[in-house]
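Peer 1: You'll find protein20.cif just under this line, and it carries mmCIF, C-alpha atoms.
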```
data_model
loop_
_atom_site.group_PDB
_atom_site.id
_atom_site.type_symbol
_atom_site.label_atom_id
_atom_site.label_comp_id
_atom_site.auth_asym_id
_atom_site.auth_seq_id
_atom_site.Cartn_x
_atom_site.Cartn_y
_atom_site.Cartn_z
ATOM 1 C CA GLY A 162 24.638 -0.146 10.649
ATOM 2 C CA PHE A 163 22.202 -1.647 8.131
ATOM 3 C CA THR A 164 18.964 -3.487 8.882
ATOM 4 C CA ALA A 165 18.738 -6.388 6.425
ATOM 5 C CA LEU A 166 15.584 -8.322 5.603
ATOM 6 C CA ALA A 167 15.859 -11.538 3.580
ATOM 7 C CA VAL A 168 12.795 -11.684 1.354
ATOM 8 C CA GLU A 169 11.399 -14.732 -0.422
ATOM 9 C CA TYR A 170 9.304 -14.767 -3.565
ATOM 10 C CA ARG A 171 7.423 -17.607 -5.204
ATOM 11 C CA PHE A 172 9.184 -19.384 -8.065
ATOM 12 C CA LEU A 173 7.662 -20.035 -11.477
ATOM 13 C CA GLY A 174 6.532 -23.515 -10.420
ATOM 14 C CA GLU A 175 4.387 -21.902 -7.753
ATOM 15 C CA ILE A 176 3.005 -18.874 -9.601
ATOM 16 C CA ALA A 177 3.213 -17.464 -13.122
ATOM 17 C CA TRP A 178 4.982 -14.202 -13.921
ATOM 18 C CA PRO A 179 4.524 -11.447 -12.725
ATOM 19 C CA GLY A 180 3.641 -13.046 -9.382
ATOM 20 C CA GLN A 181 7.300 -12.822 -8.365
ATOM 21 C CA LEU A 182 7.284 -9.039 -8.827
ATOM 22 C CA HIS A 183 4.021 -8.774 -6.889
ATOM 23 C CA ASP A 184 5.686 -10.666 -4.005
ATOM 24 C CA VAL A 185 8.552 -8.173 -3.927
ATOM 25 C CA LYS A 186 6.115 -5.268 -3.865
ATOM 26 C CA SER A 187 4.256 -6.962 -0.992
ATOM 27 C CA ALA A 188 7.546 -7.223 0.896
ATOM 28 C CA ILE A 189 8.250 -3.533 0.308
ATOM 29 C CA ARG A 190 4.806 -2.635 1.647
ATOM 30 C CA TRP A 191 5.279 -4.882 4.685
ATOM 31 C CA THR A 192 8.642 -3.279 5.446
ATOM 32 C CA ARG A 193 7.264 0.245 5.178
ATOM 33 C CA ALA A 194 4.303 -0.686 7.390
ATOM 34 C CA HIS A 195 6.680 -2.074 10.049
ATOM 35 C CA ALA A 196 9.274 0.702 9.828
ATOM 36 C CA SER A 197 8.729 1.887 13.408
ATOM 37 C CA GLU A 198 8.987 -1.640 14.769
ATOM 38 C CA LEU A 199 12.173 -2.220 12.737
ATOM 39 C CA ASP A 200 13.532 1.219 13.722
ATOM 40 C CA ILE A 201 14.224 2.165 10.105
ATOM 41 C CA ASP A 202 13.501 5.112 7.837
ATOM 42 C CA PRO A 203 10.822 3.919 5.369
ATOM 43 C CA ASN A 204 12.151 6.381 2.790
ATOM 44 C CA LYS A 205 15.603 4.780 2.776
ATOM 45 C CA LEU A 206 14.761 1.299 1.503
ATOM 46 C CA VAL A 207 17.440 -0.303 -0.663
ATOM 47 C CA LEU A 208 16.714 -3.367 -2.773
ATOM 48 C CA GLN A 209 19.579 -5.837 -3.239
ATOM 49 C CA GLY A 210 19.329 -8.918 -5.402
ATOM 50 C CA HIS A 211 21.416 -11.535 -7.126
ATOM 51 C CA SER A 212 20.614 -12.825 -10.632
ATOM 52 C CA ALA A 213 16.815 -13.267 -10.689
ATOM 53 C CA GLY A 214 16.659 -11.278 -7.452
ATOM 54 C CA ALA A 215 18.619 -8.469 -9.112
ATOM 55 C CA HIS A 216 16.173 -8.576 -12.023
ATOM 56 C CA LEU A 217 13.280 -8.233 -9.579
ATOM 57 C CA SER A 218 14.987 -5.465 -7.591
ATOM 58 C CA LEU A 219 15.531 -3.381 -10.716
ATOM 59 C CA LEU A 220 11.976 -4.011 -11.903
ATOM 60 C CA ALA A 221 10.410 -3.225 -8.512
ATOM 61 C CA ALA A 222 12.244 0.110 -8.455
ATOM 62 C CA GLY A 223 11.487 0.876 -12.095
ATOM 63 C CA THR A 224 7.787 0.042 -11.947
ATOM 64 C CA PHE A 225 7.068 1.960 -8.746
ATOM 65 C CA GLY A 226 3.807 3.844 -9.203
ATOM 66 C CA LYS A 227 2.769 1.827 -12.267
ATOM 67 C CA PRO A 228 -0.560 0.121 -11.480
ATOM 68 C CA GLU A 229 -0.259 -2.363 -14.354
ATOM 69 C CA PHE A 230 2.563 -4.076 -12.412
ATOM 70 C CA ASP A 231 0.871 -3.891 -9.035
ATOM 71 C CA PRO A 232 -2.526 -5.520 -8.410
ATOM 72 C CA ASP A 233 -2.699 -3.905 -4.948
ATOM 73 C CA PHE A 234 -1.940 -0.405 -6.223
ATOM 74 C CA ALA A 235 -5.412 1.080 -5.697
ATOM 75 C CA ASP A 236 -6.172 -0.417 -2.270
ATOM 76 C CA SER A 237 -2.776 -0.457 -0.514
ATOM 77 C CA PRO A 238 -0.061 1.957 0.574
ATOM 78 C CA PRO A 239 2.613 2.601 -2.065
ATOM 79 C CA ALA A 240 5.318 -0.037 -2.654
ATOM 80 C CA GLY A 241 8.096 2.515 -2.398
ATOM 81 C CA PRO A 242 9.788 4.801 -2.993
ATOM 82 C CA ILE A 243 13.030 2.880 -3.340
ATOM 83 C CA ALA A 244 16.143 4.799 -2.306
ATOM 84 C CA ALA A 245 18.735 2.689 -4.161
ATOM 85 C CA VAL A 246 19.322 -0.654 -5.905
ATOM 86 C CA VAL A 247 22.250 -3.075 -5.563
ATOM 87 C CA ALA A 248 22.231 -5.610 -8.417
ATOM 88 C CA TYR A 249 24.577 -8.566 -8.792
ATOM 89 C CA TYR A 250 24.817 -10.060 -12.329
ATOM 90 C CA PRO A 251 21.307 -9.014 -13.408
ATOM 91 C CA PRO A 252 19.690 -9.913 -16.720
ATOM 92 C CA ALA A 253 19.074 -6.634 -18.545
ATOM 93 C CA ARG A 254 16.926 -7.649 -21.478
ATOM 94 C CA LEU A 255 14.566 -10.529 -22.250
ATOM 95 C CA VAL A 256 14.257 -11.546 -25.895
ATOM 96 C CA ALA A 257 11.101 -13.137 -27.320
ATOM 97 C CA GLY A 258 11.350 -15.857 -29.931
ATOM 98 C CA ARG A 259 14.697 -17.297 -28.800
ATOM 99 C CA ALA A 260 14.269 -21.039 -28.350
ATOM 100 C CA MET A 261 15.156 -22.588 -25.029
ATOM 101 C CA PRO A 262 17.470 -25.631 -25.128
ATOM 102 C CA ASP A 263 16.256 -28.953 -23.744
ATOM 103 C CA LEU A 264 17.218 -29.022 -20.059
ATOM 104 C CA SER A 265 15.461 -32.301 -19.249
ATOM 105 C CA ALA A 266 18.544 -34.469 -19.757
ATOM 106 C CA GLY A 267 20.285 -33.309 -16.590
ATOM 107 C CA PRO A 268 22.527 -30.462 -15.508
ATOM 108 C CA PRO A 269 23.147 -27.979 -18.304
ATOM 109 C CA THR A 270 26.423 -28.288 -20.201
ATOM 110 C CA ARG A 271 28.666 -25.397 -21.196
ATOM 111 C CA GLU A 272 27.148 -25.533 -24.699
ATOM 112 C CA THR A 273 23.627 -25.466 -23.268
ATOM 113 C CA MET A 274 24.450 -22.445 -21.156
ATOM 114 C CA GLN A 275 25.926 -20.660 -24.161
ATOM 115 C CA ALA A 276 22.669 -21.297 -26.052
ATOM 116 C CA ILE A 277 20.749 -19.531 -23.269
ATOM 117 C CA ARG A 278 23.183 -16.666 -22.799
ATOM 118 C CA GLY A 279 23.081 -13.849 -25.339
ATOM 119 C CA ALA A 280 26.420 -12.137 -25.932
ATOM 120 C CA ASP A 281 24.645 -8.808 -25.443
ATOM 121 C CA GLY A 282 23.531 -9.787 -21.932
ATOM 122 C CA SER A 283 20.053 -10.863 -22.984
ATOM 123 C CA ILE A 284 18.291 -14.067 -21.991
ATOM 124 C CA PRO A 285 15.370 -15.886 -23.661
ATOM 125 C CA ALA A 286 12.026 -14.472 -22.561
ATOM 126 C CA ALA A 287 10.789 -18.063 -22.510
ATOM 127 C CA MET A 288 12.720 -18.585 -19.264
ATOM 128 C CA LEU A 289 10.236 -16.294 -17.547
ATOM 129 C CA LEU A 290 7.207 -15.983 -19.819
ATOM 130 C CA GLY A 291 7.082 -19.425 -21.442
ATOM 131 C CA PRO A 292 7.302 -20.054 -25.183
ATOM 132 C CA ALA A 293 4.277 -17.883 -25.981
ATOM 133 C CA GLY A 294 5.791 -14.683 -24.573
ATOM 134 C CA THR A 295 5.513 -11.746 -26.950
ATOM 135 C CA GLU A 296 8.046 -9.005 -27.702
ATOM 136 C CA GLU A 297 5.875 -6.517 -25.827
ATOM 137 C CA GLU A 298 5.726 -8.782 -22.758
ATOM 138 C CA ALA A 299 9.479 -9.381 -22.962
ATOM 139 C CA ALA A 300 10.158 -5.641 -23.032
ATOM 140 C CA ALA A 301 7.822 -5.113 -20.073
ATOM 141 C CA ALA A 302 9.794 -7.721 -18.088
ATOM 142 C CA SER A 303 13.197 -6.231 -19.004
ATOM 143 C CA PRO A 304 14.835 -3.953 -16.426
ATOM 144 C CA ILE A 305 16.530 -1.829 -19.086
ATOM 145 C CA THR A 306 13.088 -0.600 -20.185
ATOM 146 C CA TYR A 307 12.663 1.384 -16.963
ATOM 147 C CA LEU A 308 16.047 3.063 -16.523
ATOM 148 C CA THR A 309 14.898 6.622 -17.050
ATOM 149 C CA GLU A 310 15.464 9.910 -15.250
ATOM 150 C CA GLY A 311 14.457 9.599 -11.612
ATOM 151 C CA PHE A 312 15.460 5.928 -11.284
ATOM 152 C CA PRO A 313 17.067 5.305 -7.867
ATOM 153 C CA PRO A 314 20.875 5.352 -7.534
ATOM 154 C CA THR A 315 22.170 1.937 -8.594
ATOM 155 C CA ILE A 316 25.307 -0.156 -8.213
ATOM 156 C CA LEU A 317 26.004 -3.135 -10.479
ATOM 157 C CA PHE A 318 28.386 -6.091 -9.991
ATOM 158 C CA HIS A 319 29.220 -8.597 -12.738
ATOM 159 C CA GLY A 320 31.910 -11.125 -13.717
ATOM 160 C CA THR A 321 33.478 -11.314 -17.167
ATOM 161 C CA ALA A 322 33.224 -15.130 -17.245
ATOM 162 C CA ASP A 323 29.528 -15.265 -16.380
ATOM 163 C CA MET A 324 28.119 -18.294 -18.207
ATOM 164 C CA LEU A 325 24.452 -17.439 -17.658
ATOM 165 C CA VAL A 326 24.197 -13.658 -18.087
ATOM 166 C CA ALA A 327 26.969 -12.011 -20.081
ATOM 167 C CA HIS A 328 28.515 -9.020 -18.340
ATOM 168 C CA ALA A 329 27.379 -6.949 -21.331
ATOM 169 C CA ALA A 330 24.030 -6.872 -19.495
ATOM 170 C CA SER A 331 25.449 -4.735 -16.706
ATOM 171 C CA LEU A 332 27.416 -2.644 -19.197
ATOM 172 C CA SER A 333 24.228 -1.789 -21.077
ATOM 173 C CA LEU A 334 22.342 -1.066 -17.861
ATOM 174 C CA PHE A 335 25.134 1.214 -16.670
ATOM 175 C CA GLU A 336 25.257 3.079 -19.969
ATOM 176 C CA LYS A 337 21.524 3.718 -19.860
ATOM 177 C CA LEU A 338 21.694 4.832 -16.214
ATOM 178 C CA GLN A 339 24.474 7.242 -17.094
ATOM 179 C CA ALA A 340 22.506 8.589 -20.069
ATOM 180 C CA ALA A 341 19.558 9.201 -17.723
ATOM 181 C CA GLN A 342 21.939 10.965 -15.281
ATOM 182 C CA VAL A 343 21.181 8.443 -12.534
ATOM 183 C CA PRO A 344 23.949 8.193 -9.906
ATOM 184 C CA SER A 345 25.396 4.765 -10.612
ATOM 185 C CA GLU A 346 28.471 2.549 -10.328
ATOM 186 C CA LEU A 347 29.589 -0.487 -12.312
ATOM 187 C CA HIS A 348 32.065 -3.028 -10.920
ATOM 188 C CA ILE A 349 33.309 -5.704 -13.325
ATOM 189 C CA PHE A 350 35.306 -8.646 -11.948
ATOM 190 C CA SER A 351 37.725 -10.375 -14.301
ATOM 191 C CA GLY A 352 37.395 -14.102 -14.936
ATOM 192 C CA VAL A 353 34.605 -14.920 -12.502
ATOM 193 C CA ASN A 354 31.361 -16.738 -13.218
ATOM 194 C CA HIS A 355 27.734 -16.214 -12.241
ATOM 195 C CA GLU A 356 27.288 -16.269 -8.436
ATOM 196 C CA PHE A 357 30.982 -15.481 -7.984
ATOM 197 C CA ASP A 358 30.237 -13.825 -4.652
ATOM 198 C CA ILE A 359 29.217 -17.122 -2.984
ATOM 199 C CA THR A 360 32.085 -19.281 -4.232
ATOM 200 C CA PRO A 361 35.110 -20.001 -1.985
#
```
Spell out the structure here as structure tokens.
Peer 2:
Amino acid sequence: GFTALAVEYRFLGEIAWPGQLHDVKSAIRWTRAHASELDIDPNKLVLQGHSAGAHLSLLAAGTFGKPEFDPDFADSPPAGPIAAVVAYYPPARLVAGRAMPDLSAGPPTRETMQAIRGADGSIPAAMLLGPAGTEEEAAAASPITYLTEGFPPTILFHGTADMLVAHAASLSLFEKLQAAQVPSELHIFSGVNHEFDITP
């Protein structure tokens, strides 16, 4: 009973941040503009994402109506509203000043992953903003910044053995959603890693 649209966004090698967020907002606008053709209610759009996609889904919902995150804000129909968000293992907080390990030697080891992954669910802002990213820019790119009253209903999924984003990220997001009285659910899965939902 759901109409699902698989949306692409450009990666960092193709465009600098926040181009990825702009792409998501363009997809939201396209979907709303084609609602009749798709036979959907444009006011019941749900964003679902996994990892970086979850990060973008939360940010797209949280920055709705904020022109500083939307270069087409003045000349285009609104990129929303968003009715709900479904986020699988999302990063909650980006931290400036945390050095990135050298990933040029091949696939990351367990130790390398632990150097990236903050126990509090944070990740280095350098992953998204580059080494020059400031604390202000990191906060602006962190979903937890926008979880205030009026945020769309949200459901979070996370594994306790996630080697990239500690499940504390979803715990902190859920706590802030609850404090803002946003209808929300948190589902924690014991002993499973990042991307657990696509493993056999």
Peer 1: Translate the PyMOL selection byres ((chain A and resi 348) around 9) into a concrete residue list for this structure, as a list in words.
Peer 2: Ile316, Leu317, Phe318, His319, Gly320, Ser331, Glu346, Leu347, Ile349 and Phe350 of chain A
Peer 1: Keeping only C-alpha atoms, write those residues as an mmCIF file, in the frame of the given file.
Peer 2:
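Contents of the output file result.cif:
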```cif
data_model
loop_
_atom_site.group_PDB
_atom_site.id
_atom_site.type_symbol
_atom_site.label_atom_id
_atom_site.label_comp_id
_atom_site.auth_asym_id
_atom_site.auth_seq_id
_atom_site.Cartn_x
_atom_site.Cartn_y
_atom_site.Cartn_z
ATOM 1 C CA ILE A 316 25.307 -0.156 -8.213
ATOM 2 C CA LEU A 317 26.004 -3.135 -10.479
ATOM 3 C CA PHE A 318 28.386 -6.091 -9.991
ATOM 4 C CA HIS A 319 29.220 -8.597 -12.738
ATOM 5 C CA GLY A 320 31.910 -11.125 -13.717
ATOM 6 C CA SER A 331 25.449 -4.735 -16.706
ATOM 7 C CA GLU A 346 28.471 2.549 -10.328
ATOM 8 C CA LEU A 347 29.589 -0.487 -12.312
ATOM 9 C CA ILE A 349 33.309 -5.704 -13.325
ATOM 10 C CA PHE A 350 35.306 -8.646 -11.948
#
```
Peer 1: Spell out the residues picked by the PyMOL selection byres ((chain A and resi 334-342) around 9) here, as a PDB file with C-alpha atoms, in the coordinates of the input.
Peer 2:
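Listed below is the output, expr25.pdb:
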```
ATOM      1  CA  ALA A 253      19.074  -6.634 -18.545  1.00  0.00           C
ATOM      2  CA  PRO A 304      14.835  -3.953 -16.426  1.00  0.00           C
ATOM      3  CA  ILE A 305      16.530  -1.829 -19.086  1.00  0.00           C
ATOM      4  CA  LEU A 308      16.047   3.063 -16.523  1.00  0.00           C
ATOM      5  CA  THR A 309      14.898   6.622 -17.050  1.00  0.00           C
ATOM      6  CA  GLU A 310      15.464   9.910 -15.250  1.00  0.00           C
ATOM      7  CA  GLY A 311      14.457   9.599 -11.612  1.00  0.00           C
ATOM      8  CA  PHE A 312      15.460   5.928 -11.284  1.00  0.00           C
ATOM      9  CA  PRO A 314      20.875   5.352  -7.534  1.00  0.00           C
ATOM     10  CA  THR A 315      22.170   1.937  -8.594  1.00  0.00           C
ATOM     11  CA  ILE A 316      25.307  -0.156  -8.213  1.00  0.00           C
ATOM     12  CA  LEU A 317      26.004  -3.135 -10.479  1.00  0.00           C
ATOM     13  CA  ALA A 329      27.379  -6.949 -21.331  1.00  0.00           C
ATOM     14  CA  ALA A 330      24.030  -6.872 -19.495  1.00  0.00           C
ATOM     15  CA  SER A 331      25.449  -4.735 -16.706  1.00  0.00           C
ATOM     16  CA  LEU A 332      27.416  -2.644 -19.197  1.00  0.00           C
ATOM     17  CA  SER A 333      24.228  -1.789 -21.077  1.00  0.00           C
ATOM     18  CA  VAL A 343      21.181   8.443 -12.534  1.00  0.00           C
ATOM     19  CA  PRO A 344      23.949   8.193  -9.906  1.00  0.00           C
ATOM     20  CA  SER A 345      25.396   4.765 -10.612  1.00  0.00           C
ATOM     21  CA  GLU A 346      28.471   2.549 -10.328  1.00  0.00           C
ATOM     22  CA  LEU A 347      29.589  -0.487 -12.312  1.00  0.00           C
TER      23      LEU A 347
END
```
Peer 1: So what does the PyMOL selection byres ((chain A and resi 185) around 12) actually pick up in this one, as a PyMOL selection string?
Peer 2: chain A and resi 166-172+179-184+186-192+208-210+213-222+224-225+230-231+240-241+243
Peer 1: Select, counting only C-alpha atoms, all protein, DNA and RNA residues no farther than 7 Å from (22.2, -27.3, -24.3) in file coordinates, and express the selection as a list in words.
Peer 2: Pro262, Asp263, Leu264, Pro269, Thr270, Glu272, Thr273, Met274 and Ala276 of chain A
Peer 1: Can you write out the residues you just picked, keeping C-alpha atoms, as a CSV table (one decimal), in the frame of the given file?
Peer 2:
```csv
chain,number,residue,atom,x,y,z
A,262,PRO,CA,17.5,-25.6,-25.1
A,263,ASP,CA,16.3,-29.0,-23.7
A,264,LEU,CA,17.2,-29.0,-20.1
A,269,PRO,CA,23.1,-28.0,-18.3
A,270,THR,CA,26.4,-28.3,-20.2
A,272,GLU,CA,27.1,-25.5,-24.7
A,273,THR,CA,23.6,-25.5,-23.3
A,274,MET,CA,24.4,-22.4,-21.2
A,276,ALA,CA,22.7,-21.3,-26.1
```
Peer 1: Using all atoms listed in the file, which residues sit within 9 Å of A:Ala293 once same-chain residues fewer than 4 positions away are excluded, as a list of chain:residue names?
Peer 2: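 Neighbouring residues, sequence-local ones excluded: A:Ala257, A:Gly258, A:Ala287.
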Peer 1: Need to verify the contact set: A:Pro285, 10 Å, all atoms listed in the file, exclusion of same-chain residues closer than 6 positions in sequence. Can you return it as a list of chain:residue names?
Peer 2: A:Arg254, A:Leu255, A:Val256, A:Ala257, A:Gly258, A:Arg259, A:Ala260, A:Met261, A:Ala276, A:Ile277, A:Arg278, A:Gly279, A:Gly291, A:Pro292, A:Gly294, A:Ala299
Peer 1: Which of these, A:Pro313, A:Pro232, A:Gly282, A:Gly267, has the shortest distance to A:Ala327 once you count all atoms listed in the file?
Peer 2: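 Using all atoms listed in the file, the shortest distance to A:Ala327 belongs to A:Gly282.
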Peer 1: When you draw a straight line from atom CA of A:Arg271 to atom CA of A:Val247, how long is it in Å?
Peer 2: 28.0 Å
Peer 1: Point out the residue among A:Val326, A:Tyr250, A:Arg193, A:Ile176 with the least atom-to-atom distance to A:Pro238, counting only C-alpha atoms.
Peer 2: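 Closest to A:Pro238, using only C-alpha atoms: A:Arg193.
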Peer 1: Show me, as a PyMOL selection string, the residues that have an atom within 12 Å of A:Asp202 when counting all atoms listed in the file, minus same-chain residues fewer than 3 positions from it.
Peer 2: chain A and resi 163-164+192-199+205-207+241-244
Peer 1: In Å, how far is it from atom CA of A:Ala280 to atom CA of A:Ala245?
Peer 2: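 Taking atom CA of A:Ala280 as the start and atom CA of A:Ala245 as the end point, the length is 27.4 Å.
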Peer 1: For A:Lys227, which residue out of A:Ala177, A:Glu298, A:Ser212, A:Pro239 is the nearest one, using only C-alpha atoms?
Peer 2: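 The shortest atom-to-atom distance to A:Lys227 comes from A:Pro239.
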Peer 1: State, in Å with one decimal place, the distance from atom CA of A:Pro251 to atom CA of A:Ala235.
Peer 2: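 So the two atoms, atom CA of A:Pro251 and atom CA of A:Ala235, lie 29.6 Å apart.
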Peer 1: Where atoms are absent from stretch 280-294 of chain A, fill them in so it carries N, CA, C and O atoms, then output it as a tab-separated table (two decimals), in the coordinates of the input.
Peer 2:
```tsv
chain	number	residue	atom	x	y	z
A	280	ALA	N	25.17	-12.89	-26.09
A	280	ALA	CA	26.42	-12.14	-25.93
A	280	ALA	C	26.18	-10.69	-25.51
A	280	ALA	O	27.05	-10.05	-24.93
A	281	ASP	N	24.98	-10.18	-25.81
A	281	ASP	CA	24.64	-8.81	-25.44
A	281	ASP	C	24.06	-8.69	-24.03
A	281	ASP	O	23.60	-7.62	-23.63
A	282	GLY	N	24.07	-9.80	-23.28
A	282	GLY	CA	23.53	-9.79	-21.93
A	282	GLY	C	22.07	-10.14	-21.85
A	282	GLY	O	21.47	-10.12	-20.78
A	283	SER	N	21.47	-10.49	-22.97
A	283	SER	CA	20.05	-10.86	-22.98
A	283	SER	C	19.89	-12.33	-22.62
A	283	SER	O	20.83	-13.12	-22.67
A	284	ILE	N	18.67	-12.68	-22.24
A	284	ILE	CA	18.29	-14.07	-21.99
A	284	ILE	C	16.96	-14.33	-22.70
A	284	ILE	O	16.21	-13.38	-22.98
A	285	PRO	N	16.65	-15.60	-23.00
A	285	PRO	CA	15.37	-15.89	-23.66
A	285	PRO	C	14.18	-15.51	-22.77
A	285	PRO	O	14.16	-15.86	-21.58
A	286	ALA	N	13.23	-14.82	-23.31
A	286	ALA	CA	12.03	-14.47	-22.56
A	286	ALA	C	11.28	-15.72	-22.12
A	286	ALA	O	10.58	-15.70	-21.11
A	287	ALA	N	11.47	-16.81	-22.85
A	287	ALA	CA	10.79	-18.06	-22.51
A	287	ALA	C	11.16	-18.55	-21.11
A	287	ALA	O	10.38	-19.28	-20.49
A	288	MET	N	12.33	-18.18	-20.61
A	288	MET	CA	12.72	-18.58	-19.26
A	288	MET	C	11.74	-18.07	-18.23
A	288	MET	O	11.51	-18.71	-17.20
A	289	LEU	N	11.15	-16.92	-18.50
A	289	LEU	CA	10.24	-16.29	-17.55
A	289	LEU	C	8.78	-16.35	-18.00
A	289	LEU	O	7.89	-16.60	-17.20
A	290	LEU	N	8.57	-16.15	-19.30
A	290	LEU	CA	7.21	-15.98	-19.82
A	290	LEU	C	6.65	-17.23	-20.48
A	290	LEU	O	5.47	-17.26	-20.84
A	291	GLY	N	7.51	-18.26	-20.68
A	291	GLY	CA	7.08	-19.42	-21.44
A	291	GLY	C	7.24	-19.17	-22.93
A	291	GLY	O	7.52	-18.04	-23.36
A	292	PRO	N	7.05	-20.19	-23.75
A	292	PRO	CA	7.30	-20.05	-25.18
A	292	PRO	C	6.38	-19.09	-25.91
A	292	PRO	O	6.69	-18.65	-27.01
A	293	ALA	N	5.25	-18.76	-25.32
A	293	ALA	CA	4.28	-17.88	-25.98
A	293	ALA	C	4.50	-16.41	-25.68
A	293	ALA	O	3.73	-15.56	-26.14
A	294	GLY	N	5.54	-16.08	-24.93
A	294	GLY	CA	5.79	-14.68	-24.57
A	294	GLY	C	6.03	-13.80	-25.78
A	294	GLY	O	6.77	-14.17	-26.69
```
